[in-house]
>>> print(open('run.cif').read())   # mmCIF, C-alpha atoms
data_run
loop_
_atom_site.label_atom_id
_atom_site.label_comp_id
_atom_site.auth_asym_id
_atom_site.auth_seq_id
_atom_site.Cartn_x
_atom_site.Cartn_y
_atom_site.Cartn_z
CA MET A 1 111.23 94.42 92.93
CA SER A 2 113.25 91.70 94.59
CA ALA A 3 112.41 89.36 97.39
CA ILE A 4 114.05 90.08 100.74
CA GLY A 5 115.19 86.88 102.42
CA VAL A 6 116.52 86.43 105.94
CA ASP A 7 120.13 86.83 104.76
CA ASP A 8 119.32 90.12 103.02
CA ILE A 9 117.77 91.89 105.98
CA GLU A 10 120.88 93.19 107.74
CA GLY A 11 122.27 94.77 104.57
CA LEU A 12 119.00 96.56 103.82
CA LEU A 13 118.29 98.07 107.25
CA GLY A 14 118.38 101.87 106.92
CA VAL A 15 118.86 101.77 103.14
CA ALA A 16 116.60 103.95 100.94
CA GLN A 17 114.89 101.81 98.29
CA TYR A 18 112.36 102.44 95.54
CA GLU A 19 113.00 106.15 95.19
CA GLU A 20 110.10 107.54 93.21
CA VAL A 21 108.86 110.95 92.03
CA GLY A 22 105.15 111.79 92.17
CA GLU A 23 103.30 111.54 88.84
CA PHE A 24 102.07 115.13 89.09
CA PRO A 25 102.75 118.29 91.12
CA VAL A 26 100.77 118.94 94.28
CA GLU A 27 97.64 120.75 93.14
CA GLN A 28 95.12 123.08 94.68
CA GLY A 29 92.11 121.31 93.14
CA TYR A 30 92.78 118.11 95.02
CA VAL A 31 93.24 120.10 98.22
CA TRP A 32 89.74 121.55 97.82
CA THR A 33 88.25 118.18 96.81
CA THR A 34 89.73 116.57 99.91
CA CYS A 35 88.63 119.38 102.23
CA SER A 36 85.17 119.17 100.69
CA SER A 37 85.02 115.40 101.21
CA VAL A 38 85.42 115.84 104.98
CA GLU A 39 83.80 119.29 105.24
CA ASN A 40 87.07 120.82 106.46
CA GLY A 41 86.53 124.58 106.59
CA ASN A 42 90.02 125.46 107.88
CA PRO A 43 90.61 128.92 106.32
CA LEU A 44 94.25 127.96 105.62
CA PHE A 45 92.92 125.99 102.65
CA TRP A 46 90.14 128.32 101.49
CA ASP A 47 91.22 131.90 102.24
CA ALA A 48 94.34 133.08 100.42
CA GLU A 49 94.86 136.01 102.78
CA VAL A 50 94.80 133.80 105.87
CA ALA A 51 97.15 131.32 104.18
CA GLU A 52 99.55 134.13 103.28
CA GLU A 53 99.47 135.47 106.82
CA ILE A 54 99.86 132.18 108.70
CA THR A 55 101.70 129.80 106.37
CA GLY A 56 103.34 132.19 103.90
CA GLY A 57 101.02 131.06 101.08
CA PRO A 58 98.76 128.11 100.35
CA ILE A 59 99.58 124.68 101.72
CA ALA A 60 98.03 121.21 101.43
CA PRO A 61 96.52 119.46 104.45
CA PRO A 62 99.44 117.55 106.02
CA THR A 63 97.54 114.25 106.12
CA MET A 64 97.26 114.33 102.31
CA VAL A 65 100.95 113.50 101.91
CA SER A 66 100.40 109.98 100.54
CA VAL A 67 97.72 111.20 98.08
CA TRP A 68 100.40 112.68 95.83
CA PHE A 69 101.87 109.22 95.20
CA ARG A 70 98.80 107.23 94.22
CA PRO A 71 99.18 106.54 90.51
CA HIS A 72 96.57 107.45 87.91
CA HIS A 73 94.08 104.64 87.36
CA TRP A 74 95.25 104.58 83.74
CA ALA A 75 98.09 106.26 81.89
CA PRO A 76 99.36 105.80 78.31
CA ASN A 77 102.25 103.40 77.73
CA ARG A 78 102.46 102.49 81.38
CA THR A 79 103.65 99.10 82.41
CA THR A 80 102.41 97.66 85.68
CA PRO A 81 103.06 100.28 88.37
CA GLY A 82 104.99 99.34 91.48
CA LEU A 83 102.93 98.42 94.47
CA PRO A 84 102.77 101.03 97.20
CA LEU A 85 105.02 99.91 100.03
CA GLN A 86 106.90 97.49 97.76
CA VAL A 87 109.35 96.59 100.57
CA HIS A 88 106.43 95.07 102.46
CA PHE A 89 105.68 92.78 99.51
CA ASP A 90 109.38 91.97 99.03
CA LEU A 91 109.53 90.81 102.65
CA LYS A 92 106.39 88.68 102.29
CA GLU A 93 107.83 86.98 99.23
CA GLY A 94 111.39 86.54 100.50
CA LEU A 95 110.39 85.30 103.94
CA GLY A 96 107.72 82.95 102.60
CA LEU A 97 104.90 84.67 104.49
CA PRO A 98 101.78 84.66 102.30
CA GLU A 99 99.52 86.69 104.60
CA ALA A 100 100.13 90.10 106.12
CA VAL A 101 98.34 92.78 108.08
CA MET A 102 99.28 96.35 108.96
CA SER A 103 98.83 96.94 112.66
CA ASP A 104 99.40 100.66 112.82
CA ASN A 105 100.54 103.67 110.87
CA THR A 106 102.30 106.80 112.18
CA ILE A 107 102.88 109.99 110.20
CA VAL A 108 105.30 112.67 111.42
CA PHE A 109 104.98 116.03 109.69
CA HIS A 110 107.87 118.32 108.84
CA GLU A 111 108.02 121.10 106.20
CA PRO A 112 104.54 121.99 104.82
CA VAL A 113 103.58 120.69 101.36
CA ARG A 114 102.57 123.43 98.92
CA PRO A 115 100.71 123.47 95.59
CA GLY A 116 103.31 123.13 92.83
CA ASP A 117 105.65 121.00 94.90
CA VAL A 118 106.95 117.84 93.25
CA LEU A 119 107.50 115.27 95.95
CA ARG A 120 109.71 112.25 95.93
CA THR A 121 109.57 109.27 98.20
CA SER A 122 111.68 106.34 99.30
CA GLN A 123 111.08 103.27 101.45
CA ILE A 124 113.44 102.34 104.28
CA LEU A 125 113.36 99.05 106.15
CA ARG A 126 113.92 99.83 109.85
CA SER A 127 113.52 96.47 111.60
CA VAL A 128 112.43 92.85 111.22
CA SER A 129 111.65 90.76 114.30
CA ASP A 130 112.49 87.16 115.01
CA GLU A 131 109.69 84.69 114.33
CA LYS A 132 106.73 85.15 116.63
CA THR A 133 103.40 83.36 116.96
CA THR A 134 100.20 85.36 117.37
CA LYS A 135 96.54 84.39 117.10
CA LEU A 136 96.84 85.00 113.34
CA GLY A 137 99.72 82.60 112.81
CA THR A 138 103.51 82.45 112.89
CA GLY A 139 105.57 85.15 111.24
CA ARG A 140 107.56 88.32 111.71
CA PHE A 141 106.84 91.95 112.51
CA TRP A 142 108.57 94.62 110.46
CA VAL A 143 108.75 98.41 110.42
CA ILE A 144 109.03 100.28 107.13
CA ASP A 145 109.47 104.07 106.92
CA VAL A 146 108.34 106.01 103.87
CA GLU A 147 110.15 109.34 103.64
CA TYR A 148 108.78 112.21 101.59
CA HIS A 149 110.94 115.12 100.38
CA ASN A 150 110.09 118.15 98.25
CA GLN A 151 111.96 119.38 95.18
CA ARG A 152 114.24 121.50 97.41
CA GLY A 153 115.31 118.44 99.37
CA ASP A 154 113.35 119.38 102.50
CA LEU A 155 111.89 116.49 104.47
CA VAL A 156 108.11 116.94 104.48
CA ALA A 157 106.91 113.78 106.24
CA VAL A 158 107.85 110.32 107.44
CA GLU A 159 105.28 107.54 107.54
CA SER A 160 106.05 104.44 109.61
CA TYR A 161 104.16 101.24 108.96
CA THR A 162 104.24 98.26 111.31
CA GLY A 163 103.38 95.07 109.44
CA PHE A 164 103.05 91.46 110.47
CA GLY A 165 103.68 88.86 107.76
CA TYR A 166 102.59 85.35 108.72
CA ARG A 167 101.58 81.85 107.78
CA ARG A 168 98.25 80.68 109.08
CA ALA A 169 98.51 77.89 111.63
CA GLY A 170 98.72 74.51 109.90
CA THR A 171 100.08 75.78 106.58
CA GLU A 172 103.49 74.86 105.17
CA GLU A 173 106.23 77.41 104.61
CA ALA A 174 106.34 78.51 100.97
CA SER A 175 109.32 77.14 99.10
CA MET B 1 94.93 140.17 111.19
CA THR B 2 94.12 136.60 112.20
CA THR B 3 94.79 135.74 115.83
CA PRO B 4 94.95 132.30 117.47
CA THR B 5 91.69 130.93 118.86
CA LEU B 6 93.37 128.40 121.15
CA LEU B 7 96.64 128.86 123.06
CA GLN B 8 98.65 126.06 124.64
CA GLY B 9 98.15 127.59 128.10
CA GLN B 10 94.38 127.27 127.73
CA VAL B 11 94.61 123.50 127.40
CA THR B 12 94.56 121.12 130.37
CA VAL B 13 94.95 117.35 130.58
CA GLY B 14 91.49 115.81 130.62
CA ASP B 15 89.92 118.52 128.46
CA THR B 16 87.57 117.07 125.88
CA LEU B 17 87.18 118.15 122.28
CA PRO B 18 83.63 118.80 121.07
CA ASP B 19 82.07 115.60 119.68
CA LEU B 20 81.55 115.40 115.95
CA ALA B 21 78.75 113.12 114.70
CA TYR B 22 78.45 112.60 110.96
CA PRO B 23 75.95 110.45 109.04
CA VAL B 24 77.93 108.51 106.42
CA THR B 25 76.34 107.97 103.01
CA ALA B 26 77.58 106.20 99.87
CA THR B 27 78.51 109.66 98.59
CA THR B 28 80.70 110.23 101.67
CA VAL B 29 82.58 107.00 100.91
CA VAL B 30 82.96 107.51 97.15
CA LEU B 31 83.87 111.19 97.41
CA GLY B 32 86.45 110.36 100.06
CA ALA B 33 87.99 107.57 97.99
CA LEU B 34 88.27 109.70 94.87
CA ALA B 35 89.65 112.66 96.84
CA ALA B 36 92.36 110.34 98.17
CA ARG B 37 92.97 108.88 94.67
CA ASP B 38 92.08 105.45 96.00
CA TRP B 39 90.54 103.63 93.03
CA ARG B 40 90.17 100.24 94.70
CA PRO B 41 86.67 98.88 94.06
CA MET B 42 85.72 98.18 97.67
CA HIS B 43 85.38 101.93 98.12
CA HIS B 44 82.92 102.49 95.25
CA ASP B 45 81.50 99.12 94.05
CA LYS B 46 79.05 97.55 96.47
CA ASP B 47 78.91 94.23 94.57
CA PHE B 48 82.68 93.92 94.83
CA ALA B 49 82.69 94.87 98.52
CA VAL B 50 79.98 92.37 99.38
CA HIS B 51 80.95 89.43 97.20
CA ARG B 52 84.77 89.75 97.12
CA ASN B 53 85.57 91.40 100.44
CA GLY B 54 82.73 89.88 102.40
CA THR B 55 81.75 93.22 103.91
CA ARG B 56 78.19 94.47 104.09
CA ASP B 57 78.80 97.48 101.85
CA ILE B 58 81.50 99.82 100.52
CA PHE B 59 83.48 101.39 103.34
CA LEU B 60 85.55 104.51 104.13
CA ASN B 61 89.18 104.27 103.02
CA THR B 62 92.00 104.87 105.48
CA PRO B 63 93.63 107.95 103.87
CA ASN B 64 90.29 109.73 103.84
CA LEU B 65 89.75 108.78 107.45
CA ALA B 66 93.07 110.52 108.17
CA SER B 67 91.59 113.65 106.59
CA TRP B 68 88.57 113.32 108.88
CA PHE B 69 90.85 113.15 111.93
CA GLU B 70 92.78 116.20 110.76
CA ARG B 71 89.55 118.14 110.25
CA TYR B 72 88.36 117.11 113.73
CA ILE B 73 91.60 118.31 115.37
CA THR B 74 91.85 121.62 113.53
CA ASP B 75 88.15 122.39 114.09
CA TRP B 76 89.25 122.52 117.73
CA THR B 77 92.61 124.31 117.36
CA GLY B 78 91.79 126.76 114.57
CA PRO B 79 94.22 127.45 111.72
CA PHE B 80 97.25 128.06 113.97
CA GLY B 81 97.14 124.40 115.10
CA ARG B 82 99.91 122.50 113.28
CA LEU B 83 99.92 118.72 113.33
CA GLN B 84 103.16 117.20 114.52
CA ARG B 85 102.35 113.47 114.39
CA VAL B 86 99.43 111.07 114.19
CA THR B 87 99.20 107.32 114.76
CA PHE B 88 96.22 105.31 113.55
CA ARG B 89 95.07 101.90 114.66
CA MET B 90 92.32 100.41 112.51
CA LYS B 91 89.83 98.07 114.15
CA GLY B 92 86.74 98.04 111.95
CA SER B 93 85.13 99.56 108.88
CA ILE B 94 82.62 102.40 108.53
CA PHE B 95 79.76 101.92 106.07
CA PRO B 96 76.98 104.00 104.49
CA GLY B 97 74.14 104.27 106.97
CA ASP B 98 76.53 104.49 109.94
CA THR B 99 76.73 107.63 112.03
CA MET B 100 80.39 108.00 112.93
CA VAL B 101 81.18 109.87 116.12
CA PHE B 102 84.57 111.46 116.81
CA ARG B 103 85.54 112.00 120.44
CA GLY B 104 88.83 113.40 121.68
CA THR B 105 90.60 114.00 124.98
CA VAL B 106 93.76 115.90 125.87
CA THR B 107 96.21 113.42 127.41
CA ASP B 108 99.24 115.68 127.83
CA THR B 109 100.42 119.19 127.08
CA GLY B 110 103.64 121.13 127.34
CA VAL B 111 106.26 123.36 125.74
CA ASP B 112 109.30 121.71 124.14
CA ASP B 113 112.95 122.82 124.41
CA THR B 114 112.55 125.08 121.37
CA GLY B 115 109.60 126.92 122.94
CA CYS B 116 106.95 125.19 120.84
CA GLY B 117 103.67 124.53 122.67
CA TRP B 118 101.85 121.28 122.05
CA ALA B 119 98.96 119.09 123.13
CA ALA B 120 98.71 115.30 122.91
CA LEU B 121 95.30 113.88 122.05
CA GLU B 122 93.56 110.52 122.16
CA ILE B 123 90.77 110.35 119.59
CA THR B 124 88.34 107.63 118.63
CA VAL B 125 85.81 107.31 115.88
CA SER B 126 82.99 104.99 116.80
CA VAL B 127 79.69 103.70 115.46
CA ASP B 128 76.97 102.81 117.96
CA GLY B 129 79.59 102.96 120.72
CA ASP B 130 81.93 100.50 118.95
CA THR B 131 85.39 102.01 118.28
CA LYS B 132 86.31 101.62 114.59
CA THR B 133 89.61 103.50 114.57
CA SER B 134 91.66 105.06 117.32
CA CYS B 135 94.18 107.81 116.85
CA THR B 136 96.80 109.45 118.98
CA ALA B 137 97.99 112.84 117.81
CA ARG B 138 100.27 115.65 118.84
CA VAL B 139 99.47 119.13 117.63
CA ALA B 140 101.51 122.29 118.05
CA LEU B 141 99.67 125.29 119.50
CA PRO B 142 100.72 128.93 119.88
CA VAL B 143 101.94 129.86 123.36
CA THR B 144 101.09 133.56 122.94
CA ASP B 145 98.83 135.61 120.68
CA ASP B 146 101.78 136.53 118.47
CA ASP B 147 103.26 133.01 118.29
CA ASN B 148 102.80 130.93 115.14
CA PRO B 149 103.86 127.25 115.05
CA TRP B 150 103.80 127.34 111.22
CA ALA B 151 106.73 129.79 111.28
CA ARG B 152 108.98 127.12 112.78
CA ARG B 153 111.56 125.44 110.55
CA GLY B 154 114.71 123.36 110.89
CA ASP B 155 115.94 123.01 114.47
CA ARG B 156 112.94 124.98 115.78
CA TRP B 157 110.48 122.30 114.61
CA VAL B 158 110.80 119.05 116.53
CA PRO B 159 107.63 117.06 115.80
#
>>> encode(input="run.cif", output="structure tokens")
Amino acid sequence: MSAIGVDDIEGLLGVAQYEEVGEFPVEQGYVWTTCSSVENGNPLFWDAEVAEEITGGPIAPPTMVSVWFRPHHWAPNRTTPGLPLQVHFDLKEGLGLPEAVMSDNTIVFHEPVRPGDVLRTSQILRSVSDEKTTKLGTGRFWVIDVEYHNQRGDLVAVESYTGFGYRRAGTEEAS
Amino acid sequence: MTTPTLLQGQVTVGDTLPDLAYPVTATTVVLGALAARDWRPMHHDKDFAVHRNGTRDIFLNTPNLASWFERYITDWTGPFGRLQRVTFRMKGSIFPGDTMVFRGTVTDTGVDDTGCGWAALEITVSVDGDTKTSCTARVALPVTDDDNPWARRGDRWVP
């Protein structure tokens, strides 16, 4: 974890940071729990014959991709886990912008995720805007991609987050 | 043998997806948070949500809402529908006691250079007519009865 200041931005654009491997393999039980939570009866996730026929075996719902990276609530001997989207927090700290919001989130799906897969992820800073003033305050917009790959190196998904870090009107820049 | 229930050629701009109305309970919220491995207290602890977050109750978490959108889309496409991309824009929270209503419209459709059929969708989830989250999505659809978007890999999959 290291703050990203204005002078650091150019050198970090397009660079993969915080490469991380999921704490556990993709598992069928969580697939069923998730489908159950939203009453998703898609036979791809419940009928092994349909999954074999259409997707060559069981897969996980594509929108679950970030689920495989949320750490256990507790684990033995663990120090403080990294924050999800650490680059976002590095930018807030380095640019002296104490508040932030996420305006939107896009996920693009590639190779299907399958039970047993061990996914790895990395965060890539794509852009940081000049200072802008919105109704929230003055700050900068940034775009961070999170790329997910499986154990064979196949790209499975890319998430893009657009964030806006800002200072509320009337507050001083953090030193 | 399973055959597609919806082909790209059957879809027209302006088509609407069937509405989905769902009464949200505390169980909906907690089950969704745990399914998404989201342990943050505002999704299971009403005291925390009210006194620390200033909301009126616990509320649905975003990753689980993504699962709701996926379910809504594939209820329409059937199992041959393969999501290509989704974009979410969050505007408000959904609480126990709310009835959330999903509505979707086809905004575009076509076949890409690799021969993959697709439909673009605009979807909202609202409570009492107030949009809480909007979503745009693109989903691949078979172009013929023997086409299968899930069989596409590498250069033949351009999401």
>>> atom_distance(input="run.cif", atom1="CA of Pro84 (chain A)", atom2="CA of Tyr161 (chain A)")
11.8 Å
>>> closest_residue(input="run.cif", among="A:Lys135, A:Arg126, A:Arg167, A:Arg120", to="His149 (chain A)", atoms="all atoms listed in the file")
A:Arg120
>>> interface_residues(input="run.cif", of="chain B", to="chain A", cutoff="10 Å", atoms="all atoms listed in the file", output="PyMOL selection string")
chain B and resi 1-3+22+27-40+63-72+74-75+77-80+82-91+134-138+148-154+157-159
>>> resolve_selection(input="run.cif", expression="the PyMOL selection byres ((chain A and resi 128) around 6)", output="list in words")
Ser127, Ser129, Phe141 and Trp142 of chain A
>>> residues_around(input="run.cif", residues="region 42-48 of chain B", least_positions_apart="3", cutoff="6 Å", atoms="all atoms listed in the file", output="count of residues only")
6
>>> atom_distance(input="run.cif", atom1="CA of Val21 (chain A)", atom2="CA of Gly165 (chain A)")
27.6 Å
>>> resolve_selection(input="run.cif", expression="the PyMOL selection byres ((chain B and resi 104) around 6)", output="list of chain:residue names")
B:Thr16, B:Leu17, B:Arg103, B:Thr105, B:Glu122, B:Ile123
>>> closest_residue(input="run.cif", among="B:Ile73, B:Ala49, B:Ile94, B:Val101", to="Val139 (chain B)", atoms="only C-alpha atoms")
B:Ile73
>>> decode(input="run.cif", residues="region 7-18 of chain B", atoms="N, CA and C atoms", output="PDB file, in the first residue's frame")
ATOM      1  N   LEU B   7     -33.941 -16.590 -29.941  1.00  0.00           N
ATOM      2  CA  LEU B   7     -32.902 -16.347 -30.944  1.00  0.00           C
ATOM      3  C   LEU B   7     -32.766 -14.849 -31.186  1.00  0.00           C
ATOM      4  N   GLN B   8     -31.576 -14.451 -31.616  1.00  0.00           N
ATOM      5  CA  GLN B   8     -31.327 -13.023 -31.853  1.00  0.00           C
ATOM      6  C   GLN B   8     -32.328 -12.446 -32.849  1.00  0.00           C
ATOM      7  N   GLY B   9     -32.696 -13.211 -33.863  1.00  0.00           N
ATOM      8  CA  GLY B   9     -33.617 -12.716 -34.885  1.00  0.00           C
ATOM      9  C   GLY B   9     -35.038 -12.501 -34.388  1.00  0.00           C
ATOM     10  N   GLN B  10     -35.337 -13.027 -33.208  1.00  0.00           N
ATOM     11  CA  GLN B  10     -36.677 -12.840 -32.633  1.00  0.00           C
ATOM     12  C   GLN B  10     -36.767 -11.576 -31.792  1.00  0.00           C
ATOM     13  N   VAL B  11     -35.658 -10.859 -31.687  1.00  0.00           N
ATOM     14  CA  VAL B  11     -35.609  -9.694 -30.797  1.00  0.00           C
ATOM     15  C   VAL B  11     -35.608  -8.412 -31.627  1.00  0.00           C
ATOM     16  N   THR B  12     -36.407  -7.456 -31.211  1.00  0.00           N
ATOM     17  CA  THR B  12     -36.540  -6.187 -31.931  1.00  0.00           C
ATOM     18  C   THR B  12     -36.347  -5.028 -30.953  1.00  0.00           C
ATOM     19  N   VAL B  13     -35.729  -3.968 -31.424  1.00  0.00           N
ATOM     20  CA  VAL B  13     -35.577  -2.767 -30.590  1.00  0.00           C
ATOM     21  C   VAL B  13     -36.961  -2.311 -30.113  1.00  0.00           C
ATOM     22  N   GLY B  14     -37.038  -2.028 -28.815  1.00  0.00           N
ATOM     23  CA  GLY B  14     -38.315  -1.606 -28.238  1.00  0.00           C
ATOM     24  C   GLY B  14     -39.044  -2.739 -27.542  1.00  0.00           C
ATOM     25  N   ASP B  15     -38.625  -3.992 -27.814  1.00  0.00           N
ATOM     26  CA  ASP B  15     -39.221  -5.113 -27.074  1.00  0.00           C
ATOM     27  C   ASP B  15     -39.014  -4.895 -25.579  1.00  0.00           C
ATOM     28  N   THR B  16     -39.986  -5.337 -24.793  1.00  0.00           N
ATOM     29  CA  THR B  16     -39.824  -5.249 -23.345  1.00  0.00           C
ATOM     30  C   THR B  16     -39.675  -6.634 -22.747  1.00  0.00           C
ATOM     31  N   LEU B  17     -38.875  -6.710 -21.697  1.00  0.00           N
ATOM     32  CA  LEU B  17     -38.749  -7.954 -20.948  1.00  0.00           C
ATOM     33  C   LEU B  17     -39.914  -8.023 -19.959  1.00  0.00           C
ATOM     34  N   PRO B  18     -40.355  -9.232 -19.605  1.00  0.00           N
ATOM     35  CA  PRO B  18     -41.420  -9.315 -18.599  1.00  0.00           C
ATOM     36  C   PRO B  18     -40.971  -8.664 -17.286  1.00  0.00           C
TER      37      PRO B  18
END
